[in-house]
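Peer 1: Structure provided below as structure tokens; questions to follow.
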Amino acid sequence: MRTDVIRLGRLSGERTVKMMQFLSSMRADRWIADADVLVDIAHVLMLEKQKIINRDTAKQLLTALLELHDEGIPDEAFDDSFEDVHAGIEALLVEAVGMDNGGRLHIGRSRNDEVATCIRIKLRDELLKQMAALLKVREVLVAIAEQNIETAMPGFTHLQHAQPTTLAHHMLAYEQAFSRDFDRLREAYARVNQSPLGAAAFASTGYPINREFTARFLGFDGLVTNTMDAVATRDFALETLADLAILMANVSRICEDLIIWSTSFVHFVTLDDAFCSTSSIMPQKKNPDTAEIMRAKTGSVLGAYTGALLTVKGLPMSYNRDLQELTPNIWRGMRDAKESLRLLIDMLSSATFDTARMREEAGKGFSTATELADSLVQAYDIPFRTAHNIVGRAVQKGYLNLETLDTAAKELGVEISFTEKGLSQAKINEVLDVNYSIALRKAPGGPAPLAVKIALEENKKQLDTDSVLIDERLAKLSKAKDDLIAEARRLVT
Ligand code: ARG
């Protein structure tokens with residue numbers, strides 16, 4: 001077993017392996033280990049620049065840290081006899097460069113600001129991956145929409161045929177939902193990417209540290225200024241997880257549509273076999289399991305959020321060890337959402353839509369009745385509610401034609417005979433036509449091909465803007481990292 005250099009002075013008493021495993025964050029710390037090396041490098045550079053440690057100590061520490069960066073962190077650092085990876089890496093460094101140098105690494109900082117910094121570094125990377133995956137989902141939806149501007153299908157409310165729409169309109173509805181999910185993550189990123197480093201335990205330090213220096217070299221956009229807040233808060237993670245839970249609720253809805261659409265009585269879509277399973281007893285079965293698992297992952301991600309929120313609820317200021325239990329929720333939520341999005345991209349882009357079936361259903365269930373009511377309002381200057389009742393009563397009779405409309409009006413006590421007023425069956429049929437009804441709905445955001453084409457242009461512009469944003473953020477992070485490593489290499493040679 002390795003020595004935990006942190007415990008040496010203050011504590012004695014044996015801990016069993018079980019105890020140590022219970023207390024250690026090592027398993028989840030795999031997520032932040034690489035970030036920890038970067039944080040160490042930035043901290044050492046700052047200590048040297050501020051003349052808090054001398055050049056030689058800095059050189060020795062940086063040489064060992066660069067080796068961890070270049071070669072990877074050896075497994076010993078993850079031994080769960082250490083409380084966490086910070087203790088593990090510090091112990092390795094002390095071993096590598098001796099206590100006189102290695103023992104100076106932790107001047108002016110605490111694991112409290114260290115871990116908060118590492119989490120933010122890893123989380124911002126994960127956020128950008130998540131945003132890139134979301135962008136891809138939106139691109140796939142836009143591509144399906146572009147090919148189906150004229151594809152009529154039934155639109156549903158209460159899962160009943162409601163009014164005809166198009167597959168393009170339906171896909172763009174999801175695109176908009178995912179676009180808002182993207183915005184939420186974009187905004188969360190701005191609050192994630194602030195540096196808590198330099199807060200130390202919570203009250204900062206008496207050493208003349210330079211917080212801006214480490215923040216810049218670690219690619220942060222600013223500081224979490226109040227040092228107590230810096231180590232105590234995990235609200236940046238909570239808002240990310242809440243955003244992911246909302247995003248997954250949207251994922252679950254599109255999955256639900258795909259599941260319903262792939263039933264044999266709806267048959268609007270055929271999912272690629274790769275995303276389906278069969279039954280161990282029923283040889284004919286093709287089940288949309290991937291969509292089902294994704295629908296269920298929504299619950300896991302929401303669980304990660306509630307787990308995290310309940311960890312901080314009622315915690316006193318400032319750092320409490322409870323916070324360690326919050327962190328795995330971040331990675332679990334991130335992982336489930338990311339894997340779901342990546343599968344959704346492929347499941348959607350490989351799906352085959354049965355557009356003939358969609359068209360066949362589009363006009364069913366009197367789905368164009370609203371248009372007939374509207375046309376009666378316009379042609380005969382009757383109130384909409386009157387027209388709505390007349391058409392509704394005609395529907396009750398099972399047919400929409402001149403005869404049922406006239407009878408309906410009479411039954412409802414409306415003094416009007418459509419036959420006498422020149423309404424023809426041909427006119428009724430024209431109004432009840434699915435394409436006619438869709439084409440009329442050309443208000444902004446409506447299903448008419450004209451409106452959908454305009455929406456598509458807007459959506460594509462937004463996709464470009466969002467893609468540039470991701471690239472800019474990635475470039476900024478990668479430049480900061482290159483600068484950090486270059487500065488460390490410059491100092492050691
Ligand atoms: N493993 C700890 C965590 O994840 C790091 C901070 C430990 N701080 C402490 N005071 N014991 O929160």
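Residues are referred to by chain and number: the chain letter is A, B, ... according to the order shown in the structure tokens, the number counts from 1 in that chain, and ligands are numbered separately from 1 in the order shown.
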Name each residue within 9 Å of ligand 1, counting only C-alpha atoms and all ligand atoms, as a list in words.
Peer 2: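 The distance check yields Leu23, Ser24, Ser25, Met26, Ala28, Asp29, Glu83, Asp84, Val85, His86, Ala87, Ser110, Arg111, Asn112, Asp113, Glu114, Val115, Ala116, Ile119, Ala201, Tyr319, Asn320, Arg321, Asp322, Leu323, Gln324, Glu325, Leu326 and Thr327 of chain A.
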Peer 1: With C-alpha atoms retained, write the just-selected residues as a CSV table (one decimal), in the first residue's frame.
Peer 2:
chain,number,residue,atom,x,y,z
A,23,LEU,CA,-14.3,7.3,1.2
A,24,SER,CA,-12.2,7.5,-2.0
A,25,SER,CA,-13.4,9.4,-5.1
A,26,MET,CA,-10.9,7.5,-7.2
A,28,ALA,CA,-15.0,9.1,-10.7
A,29,ASP,CA,-11.6,10.9,-10.6
A,83,GLU,CA,-8.5,9.7,-0.9
A,84,ASP,CA,-8.5,11.0,-4.4
A,85,VAL,CA,-6.5,11.5,-7.6
A,86,HIS,CA,-5.1,14.8,-6.3
A,87,ALA,CA,-3.5,13.0,-3.4
A,110,SER,CA,-6.2,23.2,-1.5
A,111,ARG,CA,-7.9,20.2,-3.0
A,112,ASN,CA,-11.1,22.2,-2.6
A,113,ASP,CA,-10.2,24.8,-5.3
A,114,GLU,CA,-8.2,22.1,-7.2
A,115,VAL,CA,-11.1,19.7,-7.6
A,116,ALA,CA,-13.6,22.5,-8.5
A,119,ILE,CA,-14.4,19.5,-12.7
A,201,ALA,CA,-9.6,25.9,1.1
A,319,TYR,CA,-16.6,23.0,1.1
A,320,ASN,CA,-18.1,19.8,2.6
A,321,ARG,CA,-17.0,16.4,1.6
A,322,ASP,CA,-20.5,15.7,0.5
A,323,LEU,CA,-19.6,17.5,-2.7
A,324,GLN,CA,-17.5,14.6,-3.7
A,325,GLU,CA,-20.6,12.5,-4.0
A,326,LEU,CA,-22.1,15.0,-6.3
A,327,THR,CA,-19.4,14.7,-9.0
Peer 1: Which residues are near Thr165 (chain A)? Cut-off 12 Å, only C-alpha atoms, ignore same chain within fewer than 5 positions. Put them as a PyMOL selection string.
Peer 2: chain A and resi 148-157+170-173+358-359+361-363+367-368+434-442+445-449+451-452
Peer 1: Write a file of the selected residues as a tab-separated table (two decimals), in the first residue's frame, keeping N, CA and C atoms.
Peer 2:
chain	number	residue	atom	x	y	z
A	148	ASN	N	-38.55	16.54	-47.43
A	148	ASN	CA	-39.97	16.20	-47.21
A	148	ASN	C	-40.86	17.42	-47.03
A	149	ILE	N	-40.52	18.48	-47.74
A	149	ILE	CA	-41.30	19.72	-47.63
A	149	ILE	C	-42.74	19.49	-48.08
A	150	GLU	N	-42.90	18.59	-49.04
A	150	GLU	CA	-44.24	18.34	-49.60
A	150	GLU	C	-44.86	17.04	-49.05
A	151	THR	N	-44.16	16.38	-48.14
A	151	THR	CA	-44.69	15.10	-47.66
A	151	THR	C	-45.79	15.30	-46.63
A	152	ALA	N	-47.03	15.13	-47.08
A	152	ALA	CA	-48.15	15.32	-46.16
A	152	ALA	C	-48.21	14.17	-45.16
A	153	MET	N	-48.59	14.53	-43.94
A	153	MET	CA	-48.78	13.49	-42.92
A	153	MET	C	-49.81	14.02	-41.93
A	154	PRO	N	-50.39	13.14	-41.16
A	154	PRO	CA	-51.32	13.67	-40.16
A	154	PRO	C	-50.55	14.30	-39.00
A	155	GLY	N	-51.04	15.42	-38.52
A	155	GLY	CA	-50.51	15.98	-37.28
A	155	GLY	C	-51.46	15.55	-36.18
A	156	PHE	N	-50.93	15.36	-34.99
A	156	PHE	CA	-51.76	14.83	-33.91
A	156	PHE	C	-51.84	15.79	-32.73
A	157	THR	N	-53.01	15.82	-32.10
A	157	THR	CA	-53.09	16.32	-30.73
A	157	THR	C	-53.83	15.21	-29.98
A	170	HIS	N	-42.93	18.63	-39.01
A	170	HIS	CA	-42.78	17.81	-37.80
A	170	HIS	C	-41.30	17.73	-37.37
A	171	MET	N	-40.42	17.49	-38.33
A	171	MET	CA	-39.00	17.39	-38.01
A	171	MET	C	-38.44	18.73	-37.52
A	172	LEU	N	-38.92	19.81	-38.12
A	172	LEU	CA	-38.42	21.12	-37.71
A	172	LEU	C	-38.92	21.51	-36.32
A	173	ALA	N	-40.04	20.95	-35.92
A	173	ALA	CA	-40.50	21.19	-34.55
A	173	ALA	C	-39.47	20.64	-33.57
A	358	MET	N	-47.85	7.91	-44.85
A	358	MET	CA	-48.14	9.18	-44.19
A	358	MET	C	-49.23	9.94	-44.94
A	359	ARG	N	-49.05	10.01	-46.26
A	359	ARG	CA	-50.05	10.69	-47.11
A	359	ARG	C	-51.42	10.04	-46.96
A	361	GLU	N	-52.67	8.59	-44.51
A	361	GLU	CA	-53.32	8.89	-43.22
A	361	GLU	C	-53.65	10.36	-43.06
A	362	ALA	N	-52.99	11.21	-43.89
A	362	ALA	CA	-53.03	12.66	-43.62
A	362	ALA	C	-54.45	13.22	-43.55
A	363	GLY	N	-55.35	12.70	-44.41
A	363	GLY	CA	-56.69	13.28	-44.46
A	363	GLY	C	-57.71	12.52	-43.64
A	367	SER	N	-59.59	15.27	-40.83
A	367	SER	CA	-58.53	16.16	-40.36
A	367	SER	C	-58.56	17.53	-41.04
A	368	THR	N	-59.34	17.67	-42.12
A	368	THR	CA	-59.38	18.99	-42.76
A	368	THR	C	-60.68	19.73	-42.43
A	434	VAL	N	-56.23	17.71	-48.61
A	434	VAL	CA	-55.11	17.81	-47.67
A	434	VAL	C	-54.08	18.86	-48.11
A	435	ASN	N	-53.68	18.80	-49.37
A	435	ASN	CA	-52.65	19.73	-49.82
A	435	ASN	C	-53.13	21.18	-49.80
A	436	TYR	N	-54.40	21.36	-50.11
A	436	TYR	CA	-54.99	22.69	-50.07
A	436	TYR	C	-54.90	23.24	-48.64
A	437	SER	N	-55.27	22.41	-47.70
A	437	SER	CA	-55.27	22.83	-46.30
A	437	SER	C	-53.86	23.17	-45.82
A	438	ILE	N	-52.88	22.36	-46.24
A	438	ILE	CA	-51.49	22.62	-45.82
A	438	ILE	C	-50.99	23.92	-46.45
A	439	ALA	N	-51.25	24.06	-47.76
A	439	ALA	CA	-50.71	25.22	-48.48
A	439	ALA	C	-51.24	26.54	-47.92
A	440	LEU	N	-52.47	26.51	-47.37
A	440	LEU	CA	-53.04	27.74	-46.81
A	440	LEU	C	-52.32	28.18	-45.53
A	441	ARG	N	-51.72	27.23	-44.86
A	441	ARG	CA	-51.14	27.53	-43.54
A	441	ARG	C	-49.71	28.04	-43.67
A	442	LYS	N	-49.63	29.28	-44.21
A	442	LYS	CA	-48.30	29.79	-44.53
A	442	LYS	C	-47.85	30.92	-43.61
A	445	GLY	N	-43.68	29.87	-39.58
A	445	GLY	CA	-43.60	28.65	-38.76
A	445	GLY	C	-44.65	27.62	-39.08
A	446	GLY	N	-45.53	27.92	-40.03
A	446	GLY	CA	-46.60	26.99	-40.39
A	446	GLY	C	-46.10	25.88	-41.30
A	447	PRO	N	-46.97	24.90	-41.61
A	447	PRO	CA	-46.54	23.74	-42.39
A	447	PRO	C	-46.51	23.95	-43.92
A	448	ALA	N	-47.07	25.07	-44.40
A	448	ALA	CA	-47.09	25.28	-45.86
A	448	ALA	C	-45.67	25.22	-46.41
A	449	PRO	N	-45.48	24.58	-47.56
A	449	PRO	CA	-44.14	24.48	-48.12
A	449	PRO	C	-43.42	25.83	-48.17
A	451	ALA	N	-43.76	28.42	-46.14
A	451	ALA	CA	-43.32	28.80	-44.79
A	451	ALA	C	-42.17	27.91	-44.34
A	452	VAL	N	-42.25	26.63	-44.69
A	452	VAL	CA	-41.20	25.70	-44.26
A	452	VAL	C	-39.87	26.05	-44.94
Peer 1: Please provide the set of residues having any atom within 12 Å of region 216-223 of chain A, restricted to only C-alpha atoms, with same-chain residues fewer than 2 positions apart removed, written as an MDAnalysis selection string.
Peer 2: chainID A and resid 35:46 113 117:118 120:122 124:125 189:199 210:214 225:227 229:231 473:488
Peer 1: CA of His161 (chain A) to CA of Ala351 (chain A): how many Å, to one decimal?
Peer 2: 22.8 Å
Peer 1: As a PyMOL selection string, which residues of region 420-451 of chain A does DSSP assign to helix (DSSP H, G or I)?
Peer 2: chain A and resi 425-432+434-440+449-451
Peer 1: Determine, counting only C-alpha atoms, which protein, DNA and RNA residues have an atom within 12 Å of an atom of region 288-291 of chain A; residues of the same chain fewer than 4 positions away are not included. Present the result as a PyMOL selection string.
Peer 2: chain A and resi 248+251-263+269-279+295-298+339-348+351
Peer 1: Fewer than 4 positions away in the same chain doesn't count, so skip those; otherwise give me all residues within 12 Å of Lys427 (chain A), counting only C-alpha atoms, as a list in words.
Peer 2: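 The residues that qualify are Glu371, Leu372, Ser375, Leu376, Ala379, Leu400, Asn401, Leu402, Phe418, Thr419, Gly422, Leu423, Val431, Leu432, Asp433 and Tyr436 of chain A.
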Peer 1: Export, as a compact mmCIF listing (two decimals), in the first residue's frame, the selected residues with all heavy atoms.
Peer 2:
# COMPACT_ATOMS: atom_id res chain seq x y z
N GLU A 371 -60.65 23.48 -41.90
CA GLU A 371 -60.61 24.28 -43.11
C GLU A 371 -62.01 24.50 -43.66
O GLU A 371 -62.36 25.59 -44.14
CB GLU A 371 -59.72 23.59 -44.16
CG GLU A 371 -59.18 24.51 -45.22
CD GLU A 371 -58.77 25.85 -44.64
OE1 GLU A 371 -57.96 25.87 -43.71
OE2 GLU A 371 -59.31 26.87 -45.11
N LEU A 372 -62.86 23.46 -43.57
CA LEU A 372 -64.24 23.59 -44.05
C LEU A 372 -64.98 24.63 -43.20
O LEU A 372 -65.65 25.52 -43.73
CB LEU A 372 -64.94 22.23 -44.00
CG LEU A 372 -66.39 22.22 -44.47
CD1 LEU A 372 -66.51 22.71 -45.92
CD2 LEU A 372 -66.98 20.81 -44.36
N SER A 375 -63.88 28.04 -44.16
CA SER A 375 -64.37 28.50 -45.45
C SER A 375 -65.85 28.90 -45.36
O SER A 375 -66.29 29.82 -46.03
CB SER A 375 -64.13 27.45 -46.53
OG SER A 375 -65.02 26.39 -46.35
N LEU A 376 -66.62 28.23 -44.49
CA LEU A 376 -68.02 28.63 -44.30
C LEU A 376 -68.10 30.01 -43.66
O LEU A 376 -68.94 30.84 -44.01
CB LEU A 376 -68.75 27.59 -43.43
CG LEU A 376 -68.89 26.17 -44.00
CD1 LEU A 376 -69.67 25.28 -43.05
CD2 LEU A 376 -69.58 26.20 -45.38
N ALA A 379 -67.27 32.46 -46.50
CA ALA A 379 -68.22 32.56 -47.60
C ALA A 379 -69.59 33.05 -47.14
O ALA A 379 -70.28 33.75 -47.89
CB ALA A 379 -68.35 31.20 -48.28
N LEU A 400 -68.96 14.48 -44.55
CA LEU A 400 -68.98 15.93 -44.75
C LEU A 400 -69.42 16.18 -46.19
O LEU A 400 -68.62 16.09 -47.12
CB LEU A 400 -67.59 16.52 -44.50
CG LEU A 400 -67.17 16.65 -43.03
CD1 LEU A 400 -65.77 17.21 -42.92
CD2 LEU A 400 -68.15 17.53 -42.26
N ASN A 401 -70.73 16.46 -46.38
CA ASN A 401 -71.20 16.82 -47.72
C ASN A 401 -72.34 17.83 -47.58
O ASN A 401 -72.73 18.22 -46.47
CB ASN A 401 -71.61 15.57 -48.51
CG ASN A 401 -72.67 14.76 -47.78
OD1 ASN A 401 -73.50 15.33 -47.05
ND2 ASN A 401 -72.67 13.45 -47.97
N LEU A 402 -72.83 18.26 -48.70
CA LEU A 402 -73.86 19.31 -48.71
C LEU A 402 -75.05 18.93 -47.83
O LEU A 402 -75.53 19.74 -47.03
CB LEU A 402 -74.36 19.50 -50.14
CG LEU A 402 -73.74 20.65 -50.92
CD1 LEU A 402 -74.33 20.71 -52.33
CD2 LEU A 402 -73.98 21.96 -50.18
N PHE A 418 -77.01 25.87 -47.20
CA PHE A 418 -75.80 26.01 -48.04
C PHE A 418 -76.11 25.68 -49.49
O PHE A 418 -75.59 26.30 -50.39
CB PHE A 418 -74.67 25.14 -47.49
CG PHE A 418 -74.23 25.54 -46.12
CD1 PHE A 418 -74.49 24.73 -45.01
CD2 PHE A 418 -73.59 26.75 -45.91
CE1 PHE A 418 -74.10 25.12 -43.74
CE2 PHE A 418 -73.20 27.15 -44.64
CZ PHE A 418 -73.45 26.33 -43.54
N THR A 419 -77.01 24.70 -49.69
CA THR A 419 -77.37 24.32 -51.06
C THR A 419 -77.95 25.53 -51.79
O THR A 419 -77.54 25.86 -52.90
CB THR A 419 -78.40 23.18 -51.05
OG1 THR A 419 -77.97 22.19 -50.11
CG2 THR A 419 -78.54 22.55 -52.41
N GLY A 422 -75.61 28.27 -52.82
CA GLY A 422 -74.67 28.02 -53.91
C GLY A 422 -73.41 27.24 -53.55
O GLY A 422 -72.46 27.19 -54.33
N LEU A 423 -73.39 26.65 -52.34
CA LEU A 423 -72.22 25.81 -52.01
C LEU A 423 -72.30 24.52 -52.83
O LEU A 423 -73.37 23.92 -52.91
CB LEU A 423 -72.20 25.47 -50.51
CG LEU A 423 -71.03 24.63 -50.02
CD1 LEU A 423 -69.70 25.37 -50.22
CD2 LEU A 423 -71.19 24.26 -48.55
N VAL A 431 -61.95 22.20 -50.56
CA VAL A 431 -61.57 22.70 -49.24
C VAL A 431 -61.07 21.57 -48.34
O VAL A 431 -60.19 21.76 -47.49
CB VAL A 431 -62.78 23.43 -48.60
CG1 VAL A 431 -62.56 23.68 -47.14
CG2 VAL A 431 -63.05 24.72 -49.33
N LEU A 432 -61.63 20.39 -48.54
CA LEU A 432 -61.24 19.25 -47.69
C LEU A 432 -59.94 18.59 -48.15
O LEU A 432 -59.42 17.71 -47.47
CB LEU A 432 -62.36 18.20 -47.65
CG LEU A 432 -63.62 18.60 -46.87
CD1 LEU A 432 -64.66 17.50 -46.95
CD2 LEU A 432 -63.29 18.92 -45.41
N ASP A 433 -59.41 19.07 -49.26
CA ASP A 433 -58.19 18.45 -49.78
C ASP A 433 -56.99 18.74 -48.86
O ASP A 433 -56.81 19.88 -48.39
CB ASP A 433 -57.91 19.00 -51.19
CG ASP A 433 -56.62 18.44 -51.74
OD1 ASP A 433 -56.59 17.24 -52.03
OD2 ASP A 433 -55.62 19.21 -51.82
N TYR A 436 -54.40 21.36 -50.11
CA TYR A 436 -54.99 22.69 -50.07
C TYR A 436 -54.90 23.24 -48.64
O TYR A 436 -54.47 24.38 -48.40
CB TYR A 436 -56.45 22.59 -50.52
CG TYR A 436 -57.25 23.86 -50.42
CD1 TYR A 436 -57.17 24.84 -51.41
CD2 TYR A 436 -58.10 24.08 -49.33
CE1 TYR A 436 -57.91 26.00 -51.32
CE2 TYR A 436 -58.84 25.25 -49.23
CZ TYR A 436 -58.75 26.21 -50.23
OH TYR A 436 -59.48 27.36 -50.13
Peer 1: May I have the residues within 7 Å of region 2-11 of chain A as a list in words, using only C-alpha atoms and disregarding those fewer than 5 positions away in the same chain?
Peer 2: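 Everything that qualifies: Ser81, Phe82, Ala87 and Ala91 of chain A.
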Peer 1: Those residues with N, CA, C and O atoms, as a PDB file, in the first residue's frame please?
Peer 2:
ATOM      1  N   SER A  81      -6.104   3.560  -2.087  1.00  0.00           N
ATOM      2  CA  SER A  81      -5.621   3.883  -0.741  1.00  0.00           C
ATOM      3  C   SER A  81      -5.461   5.408  -0.633  1.00  0.00           C
ATOM      4  O   SER A  81      -5.299   5.942   0.466  1.00  0.00           O
ATOM      5  N   PHE A  82      -5.497   6.105  -1.762  1.00  0.00           N
ATOM      6  CA  PHE A  82      -5.526   7.573  -1.731  1.00  0.00           C
ATOM      7  C   PHE A  82      -6.975   8.031  -1.662  1.00  0.00           C
ATOM      8  O   PHE A  82      -7.859   7.406  -2.243  1.00  0.00           O
ATOM      9  N   ALA A  87      -4.430  13.533  -4.362  1.00  0.00           N
ATOM     10  CA  ALA A  87      -3.462  12.966  -3.412  1.00  0.00           C
ATOM     11  C   ALA A  87      -2.565  11.968  -4.136  1.00  0.00           C
ATOM     12  O   ALA A  87      -1.349  11.914  -3.893  1.00  0.00           O
ATOM     13  N   ALA A  91       1.458  12.342  -4.499  1.00  0.00           N
ATOM     14  CA  ALA A  91       2.347  11.314  -3.948  1.00  0.00           C
ATOM     15  C   ALA A  91       3.351  10.847  -5.000  1.00  0.00           C
ATOM     16  O   ALA A  91       4.546  10.684  -4.706  1.00  0.00           O
TER      17      ALA A  91
END
Peer 1: Measure the distance from CA of Ile53 (chain A) to CA of Asp79 (chain A) in Å and round it to one decimal.
Peer 2: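 According to the coordinates, CA of Ile53 (chain A) and CA of Asp79 (chain A) are separated by 28.9 Å.
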Peer 1: To one decimal place in Å, what is the distance between CA of Ser350 (chain A) and CA of Val140 (chain A)?
Peer 2: 10.0 Å
Peer 1: My list of candidates is A:Lys49, A:Glu472, A:Ala215, A:Lys286. Which is closest to Ser264 (chain A) when distances are computed with only C-alpha atoms?
Peer 2: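 The closest residue to Ser264 (chain A) is A:Lys286.
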Peer 1: Report the residues of region 54-268 of chain A whose backbone DSSP state falls under strand (DSSP E), written as a VMD selection string.
Peer 2: chain A and resid 152 to 157 160 to 166 194 to 195 222 to 223
Peer 1: Please provide the set of residues having any atom within 9 Å of Gly103 (chain A), restricted to only C-alpha atoms, with same-chain residues fewer than 5 positions apart removed, written as a list in words.
Peer 2: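 The residues satisfying every condition are Glu90, Ala91, Leu93, Val94 and Gly98 of chain A.
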Peer 1: Hey, can you spit out that residue selection with C-alpha atoms as a CSV table (one decimal), in the first residue's frame?
Peer 2:
chain,number,residue,atom,x,y,z
A,90,GLU,CA,1.0,14.5,-5.5
A,91,ALA,CA,2.3,11.3,-3.9
A,93,LEU,CA,5.4,13.6,-7.8
A,94,VAL,CA,6.9,13.6,-4.3
A,98,GLY,CA,11.7,14.2,-3.7
